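S.K.: File name my_file_5.cif; file contents mmCIF, C-alpha atoms; full text below.
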```cif
data_coords
loop_
_atom_site.label_atom_id
_atom_site.label_comp_id
_atom_site.auth_asym_id
_atom_site.auth_seq_id
_atom_site.Cartn_x
_atom_site.Cartn_y
_atom_site.Cartn_z
CA MET A 132 177.29 118.15 106.51
CA THR A 133 177.03 118.25 102.72
CA VAL A 134 178.04 121.27 100.65
CA TYR A 135 174.40 122.10 99.94
CA ASP A 136 173.44 121.72 103.60
CA GLU A 137 176.20 124.17 104.51
CA LEU A 138 174.91 126.73 102.02
CA VAL A 139 171.50 126.46 103.64
CA ALA A 140 172.96 126.63 107.16
CA ARG A 141 174.87 129.78 106.23
CA GLY A 142 171.65 131.43 105.05
CA LEU A 143 172.64 131.63 101.39
CA ILE A 144 169.76 129.81 99.71
CA ALA A 145 166.36 131.48 99.32
CA GLN A 146 164.59 129.30 96.75
CA VAL A 147 165.51 126.76 94.11
CA THR A 148 164.13 124.68 91.30
CA ASP A 149 164.71 120.92 91.31
CA GLU A 150 166.30 120.79 94.75
CA GLU A 151 167.25 117.10 94.68
CA GLU A 152 169.05 117.44 91.34
CA ILE A 153 170.81 120.57 92.57
CA LYS A 154 171.99 118.74 95.70
CA GLU A 155 173.34 115.92 93.55
CA LEU A 156 175.33 118.29 91.34
CA ILE A 157 176.73 120.55 94.07
CA ASN A 158 177.54 117.84 96.60
CA ASN A 159 179.44 115.79 94.03
CA GLY A 160 181.31 118.63 92.36
CA LYS A 161 179.36 118.25 89.11
CA ALA A 162 177.91 121.75 88.87
CA THR A 163 179.11 124.14 86.19
CA PHE A 164 177.44 127.30 87.34
CA TYR A 165 177.45 130.95 86.43
CA ILE A 166 176.87 134.28 88.13
CA GLY A 167 176.59 137.47 86.09
CA PHE A 168 178.20 140.84 86.78
CA ASP A 169 177.14 143.93 84.82
CA PRO A 170 180.15 146.24 84.30
CA THR A 171 178.49 149.48 85.45
CA ALA A 172 181.68 150.72 87.20
CA ASP A 173 185.42 150.09 87.04
CA SER A 174 185.45 148.18 90.34
CA LEU A 175 183.40 145.55 92.10
CA HIS A 176 181.92 146.62 95.45
CA VAL A 177 180.73 144.88 98.60
CA GLY A 178 177.34 144.34 96.99
CA HIS A 179 179.08 141.71 94.84
CA PHE A 180 180.77 140.14 97.83
CA MET A 181 178.24 137.40 98.51
CA ALA A 182 178.37 136.19 94.93
CA LEU A 183 182.18 136.12 94.89
CA CYS A 184 182.36 134.27 98.21
CA LEU A 185 179.78 131.76 97.01
CA MET A 186 181.76 131.11 93.83
CA LYS A 187 184.91 130.54 95.88
CA ARG A 188 183.06 128.24 98.29
CA LEU A 189 181.60 126.08 95.51
CA GLN A 190 184.89 125.93 93.62
CA MET A 191 186.60 124.66 96.77
CA ALA A 192 184.04 121.82 96.72
CA GLY A 193 185.05 120.82 93.18
CA ASN A 194 182.42 122.70 91.18
CA LYS A 195 183.29 124.89 88.18
CA PRO A 196 182.40 128.60 88.24
CA ILE A 197 181.74 130.75 85.21
CA ALA A 198 182.06 134.48 85.86
CA LEU A 199 179.89 136.09 83.23
CA ILE A 200 180.77 139.70 82.49
CA GLY A 201 177.80 141.55 81.05
CA GLY A 202 179.51 143.43 78.25
CA GLY A 203 176.41 142.86 76.11
CA THR A 204 173.63 143.30 78.67
CA GLY A 205 175.55 146.33 79.95
CA MET A 206 174.61 147.98 76.66
CA ILE A 207 170.97 147.79 77.77
CA GLY A 208 170.97 148.06 81.57
CA ASP A 209 169.13 146.07 84.22
CA PRO A 210 165.87 147.74 85.38
CA SER A 211 165.83 145.72 88.63
CA GLY A 212 165.66 147.92 91.70
CA ARG A 213 165.76 151.16 89.70
CA THR A 214 163.29 154.01 89.35
CA ASP A 215 164.87 155.42 86.18
CA MET A 216 166.85 154.23 83.18
CA ARG A 217 170.59 153.69 83.47
CA GLN A 218 172.86 156.03 81.56
CA MET A 219 174.21 154.47 78.40
CA MET A 220 177.91 153.55 78.46
CA THR A 221 180.26 153.53 75.51
CA PRO A 222 181.75 150.21 74.34
CA GLU A 223 185.18 151.51 75.42
CA THR A 224 183.97 152.20 78.99
CA ILE A 225 182.32 148.80 79.22
CA GLN A 226 185.50 147.04 78.06
CA HIS A 227 187.61 148.98 80.57
CA ASN A 228 185.26 147.99 83.38
CA CYS A 229 185.33 144.35 82.27
CA ASP A 230 189.13 144.35 82.41
CA CYS A 231 189.06 145.76 85.95
CA PHE A 232 186.59 143.09 87.07
CA LYS A 233 188.85 140.31 85.81
CA ALA A 234 191.76 141.39 87.98
CA GLN A 235 189.61 141.66 91.12
CA MET A 236 187.80 138.36 90.62
CA SER A 237 191.09 136.50 90.38
CA LYS A 238 191.59 137.12 94.11
CA PHE A 239 188.56 134.94 94.81
CA ILE A 240 188.46 132.43 91.97
CA ASP A 241 191.19 130.18 90.57
CA PHE A 242 191.06 130.50 86.77
CA SER A 243 194.13 128.33 86.14
CA GLU A 244 194.02 125.08 84.18
CA GLY A 245 190.36 125.44 83.25
CA LYS A 246 189.18 125.36 86.88
CA ALA A 247 186.95 128.35 86.15
CA LEU A 248 185.93 130.44 83.17
CA MET A 249 185.49 134.13 82.63
CA VAL A 250 183.36 135.01 79.61
CA ASN A 251 181.72 138.11 78.20
CA ASN A 252 178.16 137.90 76.91
CA ALA A 253 179.02 140.48 74.27
CA ASP A 254 180.65 137.55 72.45
CA TRP A 255 177.24 136.16 71.52
CA LEU A 256 174.73 138.96 72.15
CA MET A 257 176.42 141.49 69.85
CA ASP A 258 176.20 139.12 66.89
CA LEU A 259 172.50 138.32 67.25
CA ASN A 260 170.27 139.19 64.31
CA TYR A 261 167.17 141.12 65.40
CA ILE A 262 164.75 139.21 63.16
CA GLU A 263 166.31 135.91 64.24
CA VAL A 264 165.79 136.80 67.91
CA LEU A 265 162.16 137.69 67.26
CA ARG A 266 161.54 134.40 65.46
CA GLU A 267 163.65 132.00 67.53
CA ILE A 268 163.49 133.47 71.04
CA GLY A 269 160.45 135.77 71.10
CA PRO A 270 157.79 133.01 70.91
CA HIS A 271 159.05 131.52 74.20
CA PHE A 272 158.26 134.64 76.26
CA SER A 273 154.80 135.79 77.32
CA VAL A 274 154.48 139.58 77.57
CA ASN A 275 151.70 139.20 80.14
CA ARG A 276 153.91 137.04 82.30
CA MET A 277 156.92 139.34 81.90
CA LEU A 278 154.89 142.29 83.13
CA THR A 279 154.18 140.47 86.39
CA ALA A 280 157.90 140.38 87.21
CA GLU A 281 158.73 142.64 90.16
CA CYS A 282 161.59 144.32 88.29
CA TYR A 283 159.11 145.55 85.67
CA LYS A 284 156.08 146.25 87.87
CA GLN A 285 157.91 148.87 89.91
CA ARG A 286 158.82 150.77 86.74
CA MET A 287 155.45 150.75 85.02
CA GLU A 288 154.16 153.99 86.59
CA LYS A 289 157.19 156.10 85.63
CA GLY A 290 157.71 154.35 82.35
CA LEU A 291 159.66 151.31 81.19
CA SER A 292 161.53 151.65 77.92
CA PHE A 293 161.38 148.93 75.29
CA LEU A 294 165.17 148.84 75.56
CA GLU A 295 165.02 147.74 79.22
CA PHE A 296 162.09 145.43 78.55
CA ASN A 297 164.50 143.28 76.54
CA TYR A 298 166.83 142.74 79.51
CA MET A 299 165.00 139.63 80.70
CA ILE A 300 165.24 138.10 77.23
CA MET A 301 168.96 138.86 77.01
CA GLN A 302 169.69 137.41 80.46
CA SER A 303 167.66 134.32 79.66
CA TYR A 304 169.56 133.91 76.41
CA ASP A 305 172.82 134.05 78.39
CA PHE A 306 171.94 130.84 80.25
CA TYR A 307 170.88 129.21 76.98
CA ALA A 308 174.21 130.18 75.33
CA LEU A 309 176.29 129.10 78.34
CA PHE A 310 174.46 125.77 78.48
CA GLN A 311 175.27 125.07 74.84
CA LYS A 312 178.82 126.43 74.78
CA TYR A 313 180.16 125.30 78.16
CA GLY A 314 177.71 122.76 79.58
CA CYS A 315 176.60 125.25 82.22
CA ASN A 316 173.87 123.48 84.21
CA MET A 317 173.20 125.93 87.03
CA GLN A 318 172.78 129.66 87.57
CA PHE A 319 172.88 131.75 90.71
CA GLY A 320 171.55 135.24 91.25
CA GLY A 321 169.88 137.58 93.68
CA ASP A 322 166.26 137.24 94.71
CA ASP A 323 165.49 140.29 92.54
CA GLN A 324 166.68 138.24 89.52
CA TRP A 325 164.34 135.30 90.03
CA SER A 326 162.05 136.05 87.07
CA ASN A 327 164.98 136.54 84.71
CA MET A 328 166.58 133.31 85.88
CA LEU A 329 163.42 131.28 85.48
CA GLY A 330 163.19 132.70 81.96
CA GLY A 331 166.59 131.18 81.17
CA THR A 332 165.69 127.78 82.60
CA GLU A 333 162.42 127.70 80.66
CA LEU A 334 164.09 128.85 77.43
CA ILE A 335 166.56 125.94 77.58
CA ARG A 336 163.86 123.39 78.24
CA ARG A 337 161.55 124.74 75.54
CA LYS A 338 164.28 125.00 72.91
CA LEU A 339 166.11 121.77 73.77
CA GLY A 340 163.44 119.64 75.37
CA LYS A 341 162.23 118.94 78.91
CA ASP A 342 165.20 116.68 79.64
CA ALA A 343 167.65 119.58 79.23
CA TYR A 344 169.55 119.87 82.49
CA ALA A 345 169.31 123.46 83.73
CA MET A 346 168.79 124.59 87.31
CA THR A 347 168.32 127.89 89.08
CA ILE A 348 169.12 129.02 92.58
CA THR A 349 168.69 132.45 94.10
CA LEU A 350 170.80 133.80 96.91
CA LEU A 351 169.08 134.89 100.07
CA LEU A 352 169.78 138.55 100.86
CA ASN A 353 171.73 139.23 97.71
CA SER A 354 169.57 142.31 97.16
CA GLU A 355 170.43 143.34 100.70
CA GLY A 356 174.05 142.74 99.79
CA LYS A 357 173.77 145.41 97.11
CA LYS A 358 172.47 147.83 99.73
CA MET A 359 175.40 146.92 101.98
CA GLY A 360 177.68 148.49 99.40
CA LYS A 361 176.27 151.97 100.00
CA THR A 362 177.36 154.39 102.70
CA GLN A 363 177.00 158.10 103.25
CA SER A 364 179.95 158.88 101.03
CA GLY A 365 179.20 156.34 98.29
CA ALA A 366 180.01 152.72 97.50
CA VAL A 367 182.51 150.56 99.38
CA TRP A 368 184.74 149.30 96.60
CA LEU A 369 187.07 146.33 96.39
CA ASP A 370 189.63 148.47 94.55
CA PRO A 371 192.10 149.77 97.18
CA GLN A 372 192.49 153.00 95.17
CA LYS A 373 188.79 153.71 95.68
CA THR A 374 188.34 152.33 99.20
CA SER A 375 191.51 151.92 101.26
CA PRO A 376 192.05 148.64 103.16
CA PHE A 377 191.61 150.65 106.38
CA ASP A 378 188.24 152.07 105.25
CA PHE A 379 187.22 148.63 104.03
CA TYR A 380 188.09 147.17 107.45
CA GLN A 381 186.23 149.98 109.20
CA TYR A 382 183.14 149.43 107.06
CA TRP A 383 182.77 145.86 108.31
CA ARG A 384 183.89 146.84 111.83
CA ASN A 385 180.92 149.22 111.96
CA VAL A 386 178.12 146.84 110.91
CA ALA A 387 175.05 146.81 113.13
CA ASP A 388 175.00 144.45 116.11
CA ALA A 389 172.01 142.65 114.61
CA ASP A 390 173.88 141.93 111.36
CA VAL A 391 177.36 140.93 112.46
CA LEU A 392 176.80 137.20 113.01
CA LYS A 393 174.68 136.96 109.88
CA CYS A 394 177.57 138.50 107.88
CA ILE A 395 180.13 136.19 109.50
CA ARG A 396 177.99 133.17 108.64
CA MET A 397 177.35 134.20 105.02
CA LEU A 398 180.62 135.81 104.01
CA THR A 399 183.52 134.30 105.95
CA PHE A 400 185.06 130.85 105.66
CA LEU A 401 185.20 130.24 109.39
CA PRO A 402 183.81 126.82 110.43
CA LEU A 403 180.11 126.81 111.25
CA GLU A 404 180.84 125.21 114.64
CA GLU A 405 182.95 128.22 115.58
CA ILE A 406 180.29 130.65 114.36
CA ASP A 407 177.52 128.79 116.20
CA ARG A 408 179.37 129.35 119.46
CA MET A 409 179.23 133.08 118.78
CA ASP A 410 175.43 133.02 118.70
CA ALA A 411 175.38 133.46 122.48
CA TRP A 412 177.66 136.50 122.34
CA GLU A 413 176.24 139.86 123.40
CA GLY A 414 177.38 143.26 124.61
CA ALA A 415 181.13 143.78 124.33
CA GLN A 416 181.53 140.35 122.76
CA LEU A 417 179.76 141.64 119.64
CA ASN A 418 182.60 144.12 119.17
CA THR A 419 184.99 141.16 119.12
CA ALA A 420 182.76 139.51 116.51
CA LYS A 421 182.90 142.68 114.40
CA GLU A 422 186.69 142.69 114.58
CA ILE A 423 186.73 139.06 113.44
CA LEU A 424 184.39 139.87 110.55
CA ALA A 425 186.40 142.92 109.47
CA PHE A 426 189.73 141.09 109.62
CA GLU A 427 188.53 138.00 107.74
CA LEU A 428 186.95 139.98 104.89
CA THR A 429 189.81 142.46 104.59
CA LYS A 430 192.22 139.52 104.42
CA LEU A 431 190.13 137.92 101.69
CA VAL A 432 190.12 141.07 99.52
CA HIS A 433 193.43 142.77 100.31
CA GLY A 434 195.61 140.02 101.78
CA GLU A 435 196.65 139.17 105.34
CA GLU A 436 199.36 141.83 105.58
CA GLU A 437 196.96 144.68 104.74
CA ALA A 438 194.33 143.18 107.05
CA LYS A 439 196.81 143.21 109.95
CA LYS A 440 197.81 146.79 109.15
CA ALA A 441 194.18 147.89 109.15
CA GLN A 442 193.46 146.03 112.38
CA ASP A 443 196.50 147.50 114.13
CA ALA A 444 195.70 150.98 112.86
CA ALA A 445 192.13 150.74 114.13
CA LYS A 446 193.27 149.60 117.58
CA ALA A 447 195.89 152.34 117.77
CA LEU A 448 193.36 154.90 116.63
CA PHE A 449 190.80 154.03 119.26
CA SER A 450 193.39 153.87 122.04
CA SER A 451 195.34 157.04 121.25
CA GLY A 452 193.41 158.98 118.64
CA ASN A 453 196.19 158.62 116.09
CA ALA A 454 197.64 155.94 113.82
CA ALA A 455 200.27 155.73 111.13
CA ASP A 456 198.04 153.76 108.77
CA MET A 457 194.99 155.98 109.17
CA PRO A 458 193.56 156.98 105.75
CA SER A 459 194.83 160.42 104.85
CA VAL A 460 193.87 163.31 102.60
CA THR A 461 196.37 165.89 101.35
CA LEU A 462 195.07 169.42 100.81
CA THR A 463 196.20 171.47 97.82
CA GLU A 464 196.57 175.23 97.49
CA ALA A 465 193.22 175.33 95.71
CA ASP A 466 191.50 174.03 98.86
CA PHE A 467 192.38 177.20 100.78
CA SER A 468 190.70 180.60 100.53
CA ASP A 469 192.83 183.51 101.77
CA GLY A 470 195.13 180.98 103.42
CA VAL A 471 192.45 179.17 105.45
CA ILE A 472 189.92 176.34 105.07
CA ASP A 473 186.69 176.09 107.05
CA ILE A 474 185.52 173.01 108.92
CA LEU A 475 182.64 172.30 106.53
CA SER A 476 184.94 172.30 103.49
CA LEU A 477 187.36 170.12 105.42
CA LEU A 478 184.69 167.51 106.15
CA VAL A 479 183.62 167.39 102.51
CA LYS A 480 187.19 167.33 101.17
CA SER A 481 188.08 164.47 103.53
CA GLY A 482 185.14 162.39 102.33
CA LEU A 483 183.65 162.14 105.83
CA THR A 484 180.51 163.90 104.59
CA PRO A 485 179.17 164.06 101.03
CA SER A 486 177.94 167.68 101.24
CA ARG A 487 178.28 170.90 103.20
CA SER A 488 174.74 170.56 104.50
CA GLU A 489 175.57 167.18 106.08
CA ALA A 490 178.83 168.62 107.36
CA ARG A 491 176.92 171.47 109.02
CA ARG A 492 174.51 168.99 110.60
CA ALA A 493 177.39 166.87 111.95
CA VAL A 494 179.04 169.90 113.57
CA GLU A 495 175.80 171.25 115.04
CA GLN A 496 175.01 167.83 116.52
CA GLY A 497 178.40 167.69 118.25
CA GLY A 498 179.76 164.83 116.19
CA VAL A 499 182.95 166.45 114.86
CA SER A 500 186.35 166.79 116.55
CA VAL A 501 189.84 167.87 115.53
CA ASP A 502 192.86 166.36 117.30
CA GLY A 503 190.58 165.19 120.10
CA GLY A 504 188.83 168.52 120.64
CA LYS A 505 185.14 168.92 119.75
CA VAL A 506 184.28 171.49 117.07
CA GLY A 507 181.07 173.36 117.89
CA ASP A 508 181.15 176.34 115.51
CA ILE A 509 180.44 175.83 111.82
CA LYS A 510 182.56 178.94 111.06
CA THR A 511 185.73 177.36 112.50
CA SER A 512 188.65 177.72 110.07
CA TYR A 513 192.24 176.50 109.96
CA ALA A 514 195.40 178.03 108.49
CA LYS A 515 197.81 176.04 106.37
CA ASP A 516 200.37 175.56 109.12
CA ALA A 517 197.76 173.70 111.23
CA PHE A 518 198.28 170.70 108.94
CA ALA A 519 202.09 170.60 109.03
CA GLN A 520 202.19 167.55 111.33
CA GLY A 521 198.88 166.14 110.18
CA MET A 522 195.51 166.90 111.73
CA VAL A 523 193.20 164.09 112.90
CA LEU A 524 189.64 164.86 111.82
CA LYS A 525 186.91 162.73 113.36
CA LYS A 526 183.16 162.42 112.60
CA GLY A 527 181.09 160.27 114.89
CA LYS A 528 182.79 157.60 116.95
CA LYS A 529 184.59 155.61 114.29
CA ASN A 530 185.22 157.74 111.18
CA PHE A 531 188.68 159.33 111.03
CA ARG A 532 190.97 161.03 108.50
CA LYS A 533 194.47 162.43 108.82
CA ILE A 534 194.55 165.75 106.99
CA LEU A 535 197.91 166.84 105.55
CA HIS A 536 199.24 169.76 103.53
#
```
Hey, can you dump this file as structure tokens for me?
M.R.:
Amino acid sequence: MTVYDELVARGLIAQVTDEEEIKELINNGKATFYIGFDPTADSLHVGHFMALCLMKRLQMAGNKPIALIGGGTGMIGDPSGRTDMRQMMTPETIQHNCDCFKAQMSKFIDFSEGKALMVNNADWLMDLNYIEVLREIGPHFSVNRMLTAECYKQRMEKGLSFLEFNYMIMQSYDFYALFQKYGCNMQFGGDDQWSNMLGGTELIRRKLGKDAYAMTITLLLNSEGKKMGKTQSGAVWLDPQKTSPFDFYQYWRNVADADVLKCIRMLTFLPLEEIDRMDAWEGAQLNTAKEILAFELTKLVHGEEEAKKAQDAAKALFSSGNAADMPSVTLTEADFSDGVIDILSLLVKSGLTPSRSEARRAVEQGGVSVDGGKVGDIKTSYAKDAFAQGMVLKKGKKNFRKILH
């Protein structure tokens, strides 16, 4: 099976331009490709996971990745999938986020000896002259055509700022700049980025001639991958200070039955033959598949030692209701009122629910327990000494915290 055929078999390719040329480049290790990451936070999250795994997979096949950090486009903000305008970030915040991305990406991609590049589009976008852009780039974009792009159509009713309207032009210019500077001949992105990516391909060919070698590929389900990064309590981050290895493991351990094999196929590096044998699994076997998925991805992000700790902690937790490596929360004096803390505050403080209203609902529906005993009264409170040995707080079947003071 060729490299390209494996990408298709794993469900990673949605649509492409110039498929035969793309096969030739990828299969023979001749692709220099880029994927962009806008630095909207100080950590990558699981919504970026598919892109990172794809970059690792293609690099292993001899191709050269370029991780493009959007320090310039981050000044504008991507309107894709949004109903309102992003908040503007300061240059200092953007630079801090870029630095954090670099450290996390290095776990997936080998940047040594020129095997991969990490570049920031602020290096060329910030120096552009406005009149020059209008004259040199503007004529190659049709406003009528831009307005048909899905990322713009969904914003037209509420209002699309001229600032955001320029995002497609900036992203297209990125591919043009990367092509000229680094010989980048391929770009990858989510299916919500298709219009922007086509804009880059067309800009290269119009500016440099039809023979200019520039390809585009979109990743199947990359938009879904962004949604995968959201849970009740927020994003699932790759930074262990934001999402512990245990919580990261539990996130993947709790994927829906219908999604587990799809995630194993797309995101792990297990052989396809092994995954194909899992297709017949059902019932309790799907739980085994979830454990495989959780372990493989936790190992990829946090290392094998942390993956084993998380796996052992999860098994101990489900067998005895307690575990040394369970994620913990330490209460402070400020968390108590008159020496006690109520169950709703405890659920919010622990991060098991994002609000008191959801905490109330969880208790009323019988989904909350403390040290194995169900909590049925929303007025239940606990004194400080109840946490001396650590209290195990549970919401639902698989969400646990050890509460300390």
S.K.: Nearest to A:Gln302: which of A:Thr163, A:Thr279, A:Thr148, A:Gln318 is it, counting all atoms listed in the file?
M.R.: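 Of the candidates, the smallest distance to A:Gln302 is held by A:Gln318.
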S.K.: Apply the PyMOL selection byres ((chain A and resi 136) around 12) to the file shown and report the selected residues as a PyMOL selection string.
M.R.: chain A and resi 132-135+137-144+150-151+153-155+157-158+403
S.K.: Determine the residue set returned by the PyMOL selection byres ((chain A and resi 313) around 12) for the present structure, and present it as number ranges by chain.
M.R.: A: 162-165, 195-197, 199, 245, 247-250, 305-312, 314-317
S.K.: From the list A:Ala198, A:Leu535, A:Cys394, A:Val501, which residue is nearest A:Glu464 when using only C-alpha atoms?
M.R.: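 Counting only C-alpha atoms, the residue closest to A:Glu464 is A:Leu535.
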S.K.: Compare A:Met257, A:Leu369, A:Val147, A:Leu334 by their minimum atom-to-atom distance to A:His179, counting all atoms listed in the file, and give me the closest one.
M.R.: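 So, comparing all the options, the nearest one is A:Leu369.
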S.K.: Could you spell out the hits of the PyMOL selection byres ((chain A and resi 392) around 12) on the shown file, as a PyMOL selection string?
M.R.: chain A and resi 141-142+383+386-391+393-399+401+403+405-413+416-425
S.K.: If we count all atoms listed in the file and set the cut-off at 8 Å, which residues sit around stretch 264-274 of chain A, ignoring sequence neighbours fewer than 2 positions away in its own chain? Please answer as a compact mmCIF listing (two decimals) with C-alpha atoms, in the coordinates of the input.
M.R.:
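Listing of part.txt after writing:
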```txt
# COMPACT_ATOMS: atom_id res chain seq x y z
CA LEU A 259 172.50 138.32 67.25
CA ASN A 260 170.27 139.19 64.31
CA TYR A 261 167.17 141.12 65.40
CA ILE A 262 164.75 139.21 63.16
CA ARG A 276 153.91 137.04 82.30
CA MET A 277 156.92 139.34 81.90
CA LEU A 278 154.89 142.29 83.13
CA ILE A 300 165.24 138.10 77.23
CA GLY A 330 163.19 132.70 81.96
CA LEU A 334 164.09 128.85 77.43
CA ARG A 337 161.55 124.74 75.54
```
S.K.: Considering only C-alpha atoms, return as a list in words whatever protein or nucleic-acid residues lie within 12 Å of A:His536, sequence-local ones (same chain, fewer than 2 positions apart) excluded.
M.R.: Ser459, Val460, Thr461, Leu462, Thr463, Glu464, Ala465, Asp466, Phe467, Gly470, Val471, Ile472, Tyr513, Ala514, Lys515, Asp516, Ala517, Phe518, Ala519, Gln520, Gly521, Met522, Lys533 and Ile534 of chain A
S.K.: Could you jot down the atom CA of A:Cys229 to atom CA of A:Phe296 separation for me, Å, one decimal place?
M.R.: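 So the two atoms, atom CA of A:Cys229 and atom CA of A:Phe296, lie 23.6 Å apart.
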S.K.: Kindly indicate which residue among A:Gly434, A:Gly340, A:Pro170, A:Gly205 lies nearest to A:Lys238, using all atoms listed in the file for the distances.
M.R.: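 Ranking A:Gly434, A:Gly340, A:Pro170, A:Gly205 by distance to A:Lys238, first place goes to A:Gly434.
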S.K.: Show which residues sit within 12 Å of A:Ala493, as a PyMOL selection string. Count only C-alpha atoms, and ignore same-chain residues fewer than 2 positions away.
M.R.: chain A and resi 474-475+478-479+483-491+495-500+505-509+525-528
S.K.: Just to confirm, what's the straight-line distance from atom CA of A:Ala445 to atom CA of A:Lys480 in Å (one decimal)?
M.R.: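 One can read the atom CA of A:Ala445 to atom CA of A:Lys480 distance as 21.6 Å.
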S.K.: Between A:Gly331, A:Gly414, A:Gly167, A:Gly321, single out the one closest to A:Ile200, counting all atoms listed in the file.
M.R.: A:Gly167
S.K.: What gap, in Å, lies between atom CA of A:Leu524 and atom CA of A:Ala415?
M.R.: 25.9 Å
S.K.: Near A:Ala438, counting all atoms listed in the file, which residues have an atom at most 6 Å away, once you skip same-chain residues fewer than 4 positions from it, shown as a list in words?
M.R.: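 Non-adjacent residues within range: Phe426, Thr429 and Lys430 of chain A.
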S.K.: Okay, now the selection with C-alpha atoms, as a PDB file, keeping the file's coordinate frame?
M.R.:
```pdb
ATOM      1  CA  PHE A 426     189.730 141.090 109.620  1.00  0.00           C
ATOM      2  CA  THR A 429     189.810 142.460 104.590  1.00  0.00           C
ATOM      3  CA  LYS A 430     192.220 139.520 104.420  1.00  0.00           C
TER       4      LYS A 430
END
```
S.K.: List as a PyMOL selection string the residues having at least one atom at most 9 Å from position (183.6, 123.5, 95.9) as given in the file, counting all atoms listed in the file.
M.R.: chain A and resi 134+157-160+186-195
